[in-house]
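Dropping start_28.cif in here (mmCIF, C-alpha atoms):
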```
data_data
loop_
_atom_site.label_atom_id
_atom_site.label_comp_id
_atom_site.auth_asym_id
_atom_site.auth_seq_id
_atom_site.Cartn_x
_atom_site.Cartn_y
_atom_site.Cartn_z
CA MET A 106 -16.72 -31.36 1.56
CA SER A 107 -13.50 -31.94 -0.36
CA GLN A 108 -13.88 -28.54 -2.03
CA LEU A 109 -14.28 -26.93 1.40
CA ASN A 110 -11.13 -28.70 2.63
CA LYS A 111 -9.21 -27.49 -0.42
CA PHE A 112 -10.41 -23.94 0.16
CA LEU A 113 -9.48 -24.05 3.85
CA SER A 114 -6.08 -25.51 2.94
CA TRP A 115 -5.56 -22.72 0.42
CA ILE A 116 -6.47 -20.06 2.98
CA GLY A 117 -4.19 -21.74 5.52
CA GLY A 118 -1.28 -21.63 3.07
CA ALA A 119 -1.85 -17.94 2.38
CA PHE A 120 -2.02 -17.20 6.10
CA SER A 121 1.24 -19.13 6.64
CA VAL A 122 3.00 -16.88 4.11
CA PHE A 123 1.52 -13.79 5.76
CA TYR A 124 2.45 -15.01 9.25
CA LYS A 125 6.02 -15.77 8.15
CA ASP A 126 6.52 -12.25 6.82
CA LEU A 127 4.85 -10.73 9.86
CA ARG A 128 7.11 -12.65 12.26
CA LEU A 129 10.21 -11.57 10.36
CA GLU A 130 9.03 -7.96 10.42
CA VAL A 131 8.28 -8.05 14.15
CA ARG A 132 11.70 -9.56 14.76
CA ASN A 133 13.75 -7.29 12.49
CA LYS A 134 11.51 -4.22 12.04
CA SER A 135 13.28 -3.63 8.73
CA VAL A 136 10.37 -2.38 6.62
CA LEU A 137 8.27 -0.57 9.23
CA GLY A 138 11.27 1.08 10.86
CA THR A 139 12.52 2.41 7.53
CA LEU A 140 9.10 3.76 6.65
CA LEU A 141 8.62 5.51 9.98
CA ILE A 142 12.00 7.24 9.65
CA PHE A 143 11.05 8.35 6.15
CA VAL A 144 7.67 9.65 7.35
CA LEU A 145 9.21 11.70 10.16
CA SER A 146 11.90 13.10 7.88
CA THR A 147 9.35 14.08 5.23
CA LEU A 148 7.04 15.73 7.75
CA ILE A 149 9.91 17.73 9.25
CA LEU A 150 10.88 18.97 5.79
CA PHE A 151 7.24 19.78 5.09
CA LEU A 152 6.94 21.87 8.26
CA PHE A 153 10.23 23.62 7.53
CA ALA A 154 9.17 24.44 3.97
CA THR A 155 5.71 25.76 4.88
CA GLY A 156 6.67 27.37 8.17
CA ARG A 157 3.40 25.98 9.60
CA ASN A 158 1.56 28.58 7.53
CA ASP A 159 -1.93 27.84 6.39
CA ILE A 160 -2.09 26.07 3.04
CA GLY A 161 -5.16 25.06 1.11
CA PRO A 162 -6.81 21.63 1.42
CA ARG A 163 -5.93 20.84 -2.21
CA VAL A 164 -2.21 21.22 -1.50
CA GLN A 165 -2.56 19.38 1.81
CA SER A 166 -4.18 16.37 0.14
CA GLY A 167 -1.52 16.32 -2.58
CA LEU A 168 1.33 16.43 -0.07
CA LEU A 169 -0.26 13.71 2.05
CA TRP A 170 -0.59 11.31 -0.86
CA MET A 171 2.91 12.10 -2.04
CA ILE A 172 4.19 10.94 1.36
CA ILE A 173 2.00 7.82 1.22
CA LEU A 174 3.16 6.96 -2.30
CA PHE A 175 6.85 7.28 -1.48
CA ASN A 176 6.29 5.17 1.63
CA ALA A 177 4.89 2.33 -0.45
CA ALA A 178 7.58 2.56 -3.12
CA LEU A 179 10.38 2.71 -0.55
CA GLY A 180 9.24 0.03 1.87
CA LEU A 181 7.70 -2.72 -0.25
CA GLY A 182 10.13 -3.00 -3.15
CA ARG A 183 11.99 -5.81 -1.40
CA THR A 184 8.94 -7.89 -0.46
CA PHE A 185 9.86 -10.64 -2.93
CA LEU A 186 13.50 -9.74 -3.40
CA VAL A 187 14.22 -10.91 0.16
CA GLU A 188 12.81 -14.34 -0.73
CA GLU A 189 15.21 -14.63 -3.67
CA GLU A 190 18.20 -13.45 -1.65
CA ARG A 191 17.57 -15.88 1.20
CA GLY A 192 16.67 -18.78 -1.05
CA THR A 193 13.24 -19.16 0.56
CA GLY A 194 11.58 -18.51 -2.79
CA ILE A 195 12.46 -22.07 -3.89
CA PHE A 196 10.93 -23.45 -0.69
CA LEU A 197 7.71 -21.49 -1.28
CA ARG A 198 7.48 -22.68 -4.88
CA MET A 199 7.85 -26.31 -3.79
CA ASN A 200 5.41 -26.21 -0.88
CA THR A 201 2.77 -23.62 -1.77
CA GLN A 202 0.68 -22.54 -4.70
CA ALA A 203 1.21 -19.20 -6.43
CA GLY A 204 -2.17 -17.90 -5.30
CA MET A 205 -1.31 -18.61 -1.66
CA VAL A 206 1.91 -16.64 -1.96
CA TYR A 207 0.19 -13.69 -3.62
CA LEU A 208 -2.61 -13.49 -1.06
CA GLY A 209 -0.19 -13.80 1.86
CA LYS A 210 2.09 -11.11 0.45
CA LEU A 211 -0.90 -8.90 -0.38
CA LEU A 212 -2.17 -9.09 3.21
CA PHE A 213 1.29 -8.30 4.55
CA SER A 214 1.73 -5.35 2.18
CA PHE A 215 -1.72 -4.04 3.07
CA LEU A 216 -1.01 -4.27 6.80
CA ILE A 217 2.36 -2.50 6.55
CA ILE A 218 1.00 0.30 4.33
CA LEU A 219 -2.08 0.70 6.53
CA LEU A 220 -0.02 1.00 9.73
CA THR A 221 2.33 3.57 8.23
CA ASN A 222 -0.61 5.46 6.69
CA ILE A 223 -2.36 5.67 10.06
CA ILE A 224 0.78 7.08 11.66
CA SER A 225 1.68 9.41 8.80
CA THR A 226 -1.85 10.80 8.35
CA GLY A 227 -2.25 11.31 12.08
CA LEU A 228 1.04 13.20 12.30
CA PHE A 229 0.28 15.12 9.12
CA VAL A 230 -3.13 16.32 10.31
CA PHE A 231 -1.74 17.26 13.72
CA LEU A 232 1.44 19.01 12.60
CA SER A 233 -0.13 20.84 9.65
CA ASN A 234 -3.16 22.00 11.67
CA SER A 235 -5.48 20.43 9.10
CA VAL A 236 -9.22 20.35 9.78
CA VAL A 237 -10.96 17.19 8.57
CA ALA A 238 -14.50 18.31 7.76
CA LEU A 239 -15.72 14.82 6.80
CA PRO A 240 -13.83 12.21 8.88
CA GLY A 241 -15.70 9.26 7.39
CA LEU A 242 -14.78 10.26 3.85
CA PHE A 243 -11.19 10.93 4.91
CA VAL A 244 -10.81 7.47 6.48
CA LEU A 245 -12.47 5.75 3.52
CA SER A 246 -10.18 7.55 1.06
CA ILE A 247 -7.07 6.42 2.95
CA PHE A 248 -8.40 2.86 3.24
CA LEU A 249 -9.28 2.49 -0.45
CA GLY A 250 -5.99 4.06 -1.48
CA THR A 251 -4.14 1.61 0.74
CA ILE A 252 -5.84 -1.36 -0.92
CA GLY A 253 -4.91 -0.11 -4.39
CA LEU A 254 -1.30 0.57 -3.37
CA ALA A 255 -0.94 -2.86 -1.78
CA GLY A 256 -2.35 -4.62 -4.85
CA ALA A 257 -0.08 -2.79 -7.29
CA THR A 258 3.14 -3.00 -5.25
CA THR A 259 2.68 -6.71 -4.50
CA LEU A 260 2.58 -7.73 -8.16
CA LEU A 261 5.28 -5.32 -9.30
CA SER A 262 7.66 -6.29 -6.51
CA ALA A 263 7.29 -9.92 -7.62
CA ILE A 264 8.14 -8.93 -11.20
CA ILE A 265 11.23 -6.87 -10.36
CA ALA A 266 12.54 -9.53 -7.96
CA ARG A 267 13.33 -11.69 -11.00
CA THR A 268 15.36 -8.98 -12.74
CA ALA A 269 19.08 -8.33 -12.43
CA ARG A 270 18.77 -4.64 -11.52
CA SER A 271 15.67 -4.41 -9.38
CA GLY A 272 16.51 -1.31 -7.29
CA PRO A 273 15.08 1.59 -9.34
CA LEU A 274 12.47 -0.43 -11.23
CA LEU A 275 9.62 -0.35 -8.72
CA PRO A 276 9.18 3.47 -8.71
CA MET A 277 9.54 3.57 -12.51
CA LEU A 278 6.80 0.96 -12.98
CA LEU A 279 4.66 1.97 -10.03
CA PHE A 280 4.18 5.70 -10.60
CA PRO A 281 2.60 5.52 -14.10
CA LEU A 282 0.36 2.63 -13.05
CA LEU A 283 -0.96 4.49 -10.01
CA ILE A 284 -1.91 7.74 -11.74
CA PRO A 285 -5.70 6.99 -11.78
CA LEU A 286 -5.63 5.87 -8.15
CA LEU A 287 -3.59 8.84 -6.96
CA LEU A 288 -5.67 11.45 -8.78
CA SER A 289 -8.87 9.98 -7.33
CA ALA A 290 -7.37 9.65 -3.85
CA VAL A 291 -6.17 13.27 -3.85
CA GLU A 292 -9.60 14.43 -5.06
CA SER A 293 -11.62 12.52 -2.45
CA THR A 294 -9.20 13.53 0.32
CA TYR A 295 -9.56 17.15 -0.79
CA PHE A 296 -13.34 16.94 -0.44
CA SER A 297 -12.93 15.51 3.06
CA LEU A 298 -10.68 18.44 4.04
CA ALA A 299 -12.39 21.24 2.11
CA GLY A 300 -14.75 22.25 4.90
CA GLN A 301 -17.82 24.42 4.52
CA PRO A 302 -18.15 24.52 0.69
CA PHE A 303 -18.52 20.72 0.61
CA ALA A 304 -19.64 19.92 4.16
CA VAL A 305 -23.17 19.11 2.99
CA ASP A 306 -22.44 17.64 -0.43
CA GLY A 307 -18.95 16.25 0.14
CA TRP A 308 -19.88 12.57 -0.20
CA ASN A 309 -21.74 13.20 -3.45
CA ALA A 310 -18.89 15.29 -4.81
CA ALA A 311 -16.38 12.54 -3.98
CA SER A 312 -18.53 9.64 -5.20
CA GLY A 313 -16.91 9.53 -8.64
CA SER A 314 -13.42 9.42 -7.14
CA LEU A 315 -14.43 6.67 -4.72
CA ILE A 316 -15.84 4.58 -7.57
CA VAL A 317 -12.58 4.97 -9.51
CA MET A 318 -10.57 3.87 -6.45
CA VAL A 319 -12.74 0.79 -5.90
CA SER A 320 -12.62 -0.10 -9.59
CA PHE A 321 -8.86 0.38 -9.76
CA SER A 322 -8.26 -1.85 -6.74
CA GLY A 323 -10.58 -4.55 -8.10
CA VAL A 324 -8.99 -4.57 -11.55
CA VAL A 325 -5.42 -4.57 -10.22
CA ILE A 326 -6.01 -7.38 -7.71
CA ALA A 327 -8.02 -9.49 -10.18
CA SER A 328 -5.33 -9.06 -12.85
CA SER A 329 -2.64 -9.92 -10.33
CA VAL A 330 -4.40 -13.14 -9.37
CA LEU A 331 -4.56 -14.16 -13.05
CA LEU A 332 -0.95 -13.18 -13.83
CA PHE A 333 0.82 -14.13 -10.64
CA ASP A 334 1.16 -17.84 -11.41
CA TYR A 335 3.19 -16.99 -14.53
CA VAL A 336 5.22 -14.28 -12.74
CA TRP A 337 6.00 -16.52 -9.75
CA ASN A 338 6.85 -19.77 -11.52
CA GLU A 339 8.48 -18.65 -14.77
#
```

In structure tokens, how does this file's structure come out?
Amino acid sequence: MSQLNKFLSWIGGAFSVFYKDLRLEVRNKSVLGTLLIFVLSTLILFLFATGRNDIGPRVQSGLLWMIILFNAALGLGRTFLVEEERGTGIFLRMNTQAGMVYLGKLLFSFLIILLTNIISTGLFVFLSNSVVALPGLFVLSIFLGTIGLAGATTLLSAIIARTARSGPLLPMLLFPLLIPLLLSAVESTYFSLAGQPFAVDGWNAASGSLIVMVSFSGVVIASSVLLFDYVWNE
């Protein structure tokens, strides 16, 4: 019973961190507002550049994930930096465990990226006249990519928050790390958009990319759990 109480207490601490960040975001709308402005600006530039002409599903999937990647790098770099600037990082270290902080921040990052991805993909599909041949595969690709992005940005934002010049570091560290995830996400999204050539076999064709995305997310989150105590407390 004591182990169950400890587990419930641990989950409660993680939820408290998540709820704190969520309340601040609802009150200030600093992260989500910035991301939505960036999404709209990027989509307008995309439409201007293409002239709403038909482009292939391969290019469409690449452009979509480029928007998603820049969203994550732009919006979540200050997830931990805000704690250091406000002095709340000391309070969290004194009253919570490192694992609670990581899980709470991971859930918050996942929620923010997921919300912006839903909006950006919806606008992208509508404005670019894209046809999603396999909606289930398309949704799963976005979902798995969101998990991987949230796991990577949460750990890296904690690392750069302790450095003197944290501004440009997140993109520099994030982009090389995410290459396997992004290549797989673009590939599986392409199969979901490709239409008739893969309408029957699309899931089988994308299975390898989906496995890579699941494996990447699992490895990144598991490594983050093991490393976060050192990153957070040292």

Could you produce a table of the residues of segment 223-296 of chain A lying within 8 Å of segment 317-338 of chain A, with the nearest pair of atoms per residue and their separation in Å rounded to one decimal, using all atoms listed in the file, ordered by chain and increasing residue number, as JSON lines?
```
{"residue": "A:Leu249", "atom": "CA", "partner": "A:Met318", "partner_atom": "CA", "distance": 6.3}
{"residue": "A:Gly250", "atom": "CA", "partner": "A:Met318", "partner_atom": "CA", "distance": 6.8}
{"residue": "A:Ile252", "atom": "CA", "partner": "A:Ser322", "partner_atom": "CA", "distance": 6.3}
{"residue": "A:Gly253", "atom": "CA", "partner": "A:Ser322", "partner_atom": "CA", "distance": 4.4}
{"residue": "A:Gly256", "atom": "CA", "partner": "A:Ile326", "partner_atom": "CA", "distance": 5.4}
{"residue": "A:Ala257", "atom": "CA", "partner": "A:Val325", "partner_atom": "CA", "distance": 6.3}
{"residue": "A:Leu260", "atom": "CA", "partner": "A:Ser329", "partner_atom": "CA", "distance": 6.1}
{"residue": "A:Ala263", "atom": "CA", "partner": "A:Val336", "partner_atom": "CA", "distance": 7.0}
{"residue": "A:Ile264", "atom": "CA", "partner": "A:Val336", "partner_atom": "CA", "distance": 6.3}
{"residue": "A:Pro285", "atom": "CA", "partner": "A:Val317", "partner_atom": "CA", "distance": 7.5}
{"residue": "A:Leu286", "atom": "CA", "partner": "A:Met318", "partner_atom": "CA", "distance": 5.6}
{"residue": "A:Ser289", "atom": "CA", "partner": "A:Met318", "partner_atom": "CA", "distance": 6.4}
{"residue": "A:Ala290", "atom": "CA", "partner": "A:Met318", "partner_atom": "CA", "distance": 7.1}
```

Hits from the PyMOL selection byres ((chain A and resi 214) around 8), listed as number ranges by chain: A: 181, 210-213, 215-218, 255, 258-259

Write out as a Markdown table the residues of segment 228-251 of chain A that have any atom within 9 Å of an atom of segment 160-176 of chain A, one row each with the nearest atom pair and its distance in Å to one decimal, counting all atoms listed in the file, sorted by chain and then rising number.
```
| residue | atom | partner | partner_atom | distance |
| --- | --- | --- | --- | --- |
| A:Phe229 | CA | A:Leu169 | CA | 7.2 |
| A:Ser233 | CA | A:Gln165 | CA | 8.3 |
| A:Ser235 | CA | A:Pro162 | CA | 7.9 |
| A:Val236 | CA | A:Pro162 | CA | 8.8 |
| A:Ile247 | CA | A:Trp170 | CA | 9.0 |
| A:Thr251 | CA | A:Ile173 | CA | 8.7 |
```

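The coordinates place atom CA of Ala177 of chain A at 14.2 Å from atom CA of Pro281 of chain A.
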
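One finds atom CA of Ala154 of chain A at 23.5 Å from atom CA of Leu288 of chain A.
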
Atom CA of Ser246 of chain A to atom CA of Leu208 of chain A, distance in Å rounded to a single decimal: 22.5 Å

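Distances here use all atoms listed in the file; by that measure, the residue among A:Leu127, A:Leu261, A:Ala311, A:Leu298 closest to Ala238 of chain A is A:Leu298.
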
So that each row is one residue of segment 201-279 of chain A with an atom at most 12 Å from segment 148-151 of chain A, can you give its shortest atom pair and the distance in Å to one decimal, using all atoms listed in the file, rows by chain and rising number, as a tab-separated table?
```
residue	atom	partner	partner_atom	distance
A:Ile224	CA	A:Leu148	CA	11.4
A:Ser225	CA	A:Leu148	CA	8.4
A:Thr226	CA	A:Leu148	CA	10.2
A:Gly227	CA	A:Leu148	CA	11.2
A:Leu228	CA	A:Leu148	CA	7.9
A:Phe229	CA	A:Leu148	CA	6.9
A:Val230	CA	A:Leu148	CA	10.5
A:Phe231	CA	A:Leu148	CA	10.7
A:Leu232	CA	A:Leu148	CA	8.1
A:Ser233	CA	A:Phe151	CA	8.7
```

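Considering only C-alpha atoms, the residue among A:Leu254, A:Ala119, A:Ala266, A:Leu179 positioned nearest to Gln202 of chain A is A:Ala119.
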
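Closest to Ser114 of chain A among A:Leu287, A:Leu141, A:Gly204, A:Ser293 is A:Gly204, based on all atoms listed in the file.
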
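You can rank A:Leu282, A:Leu245, A:Met205, A:Leu113 by their closest distance to Ser314 of chain A using only C-alpha atoms, and at the top of that list sits A:Leu245.
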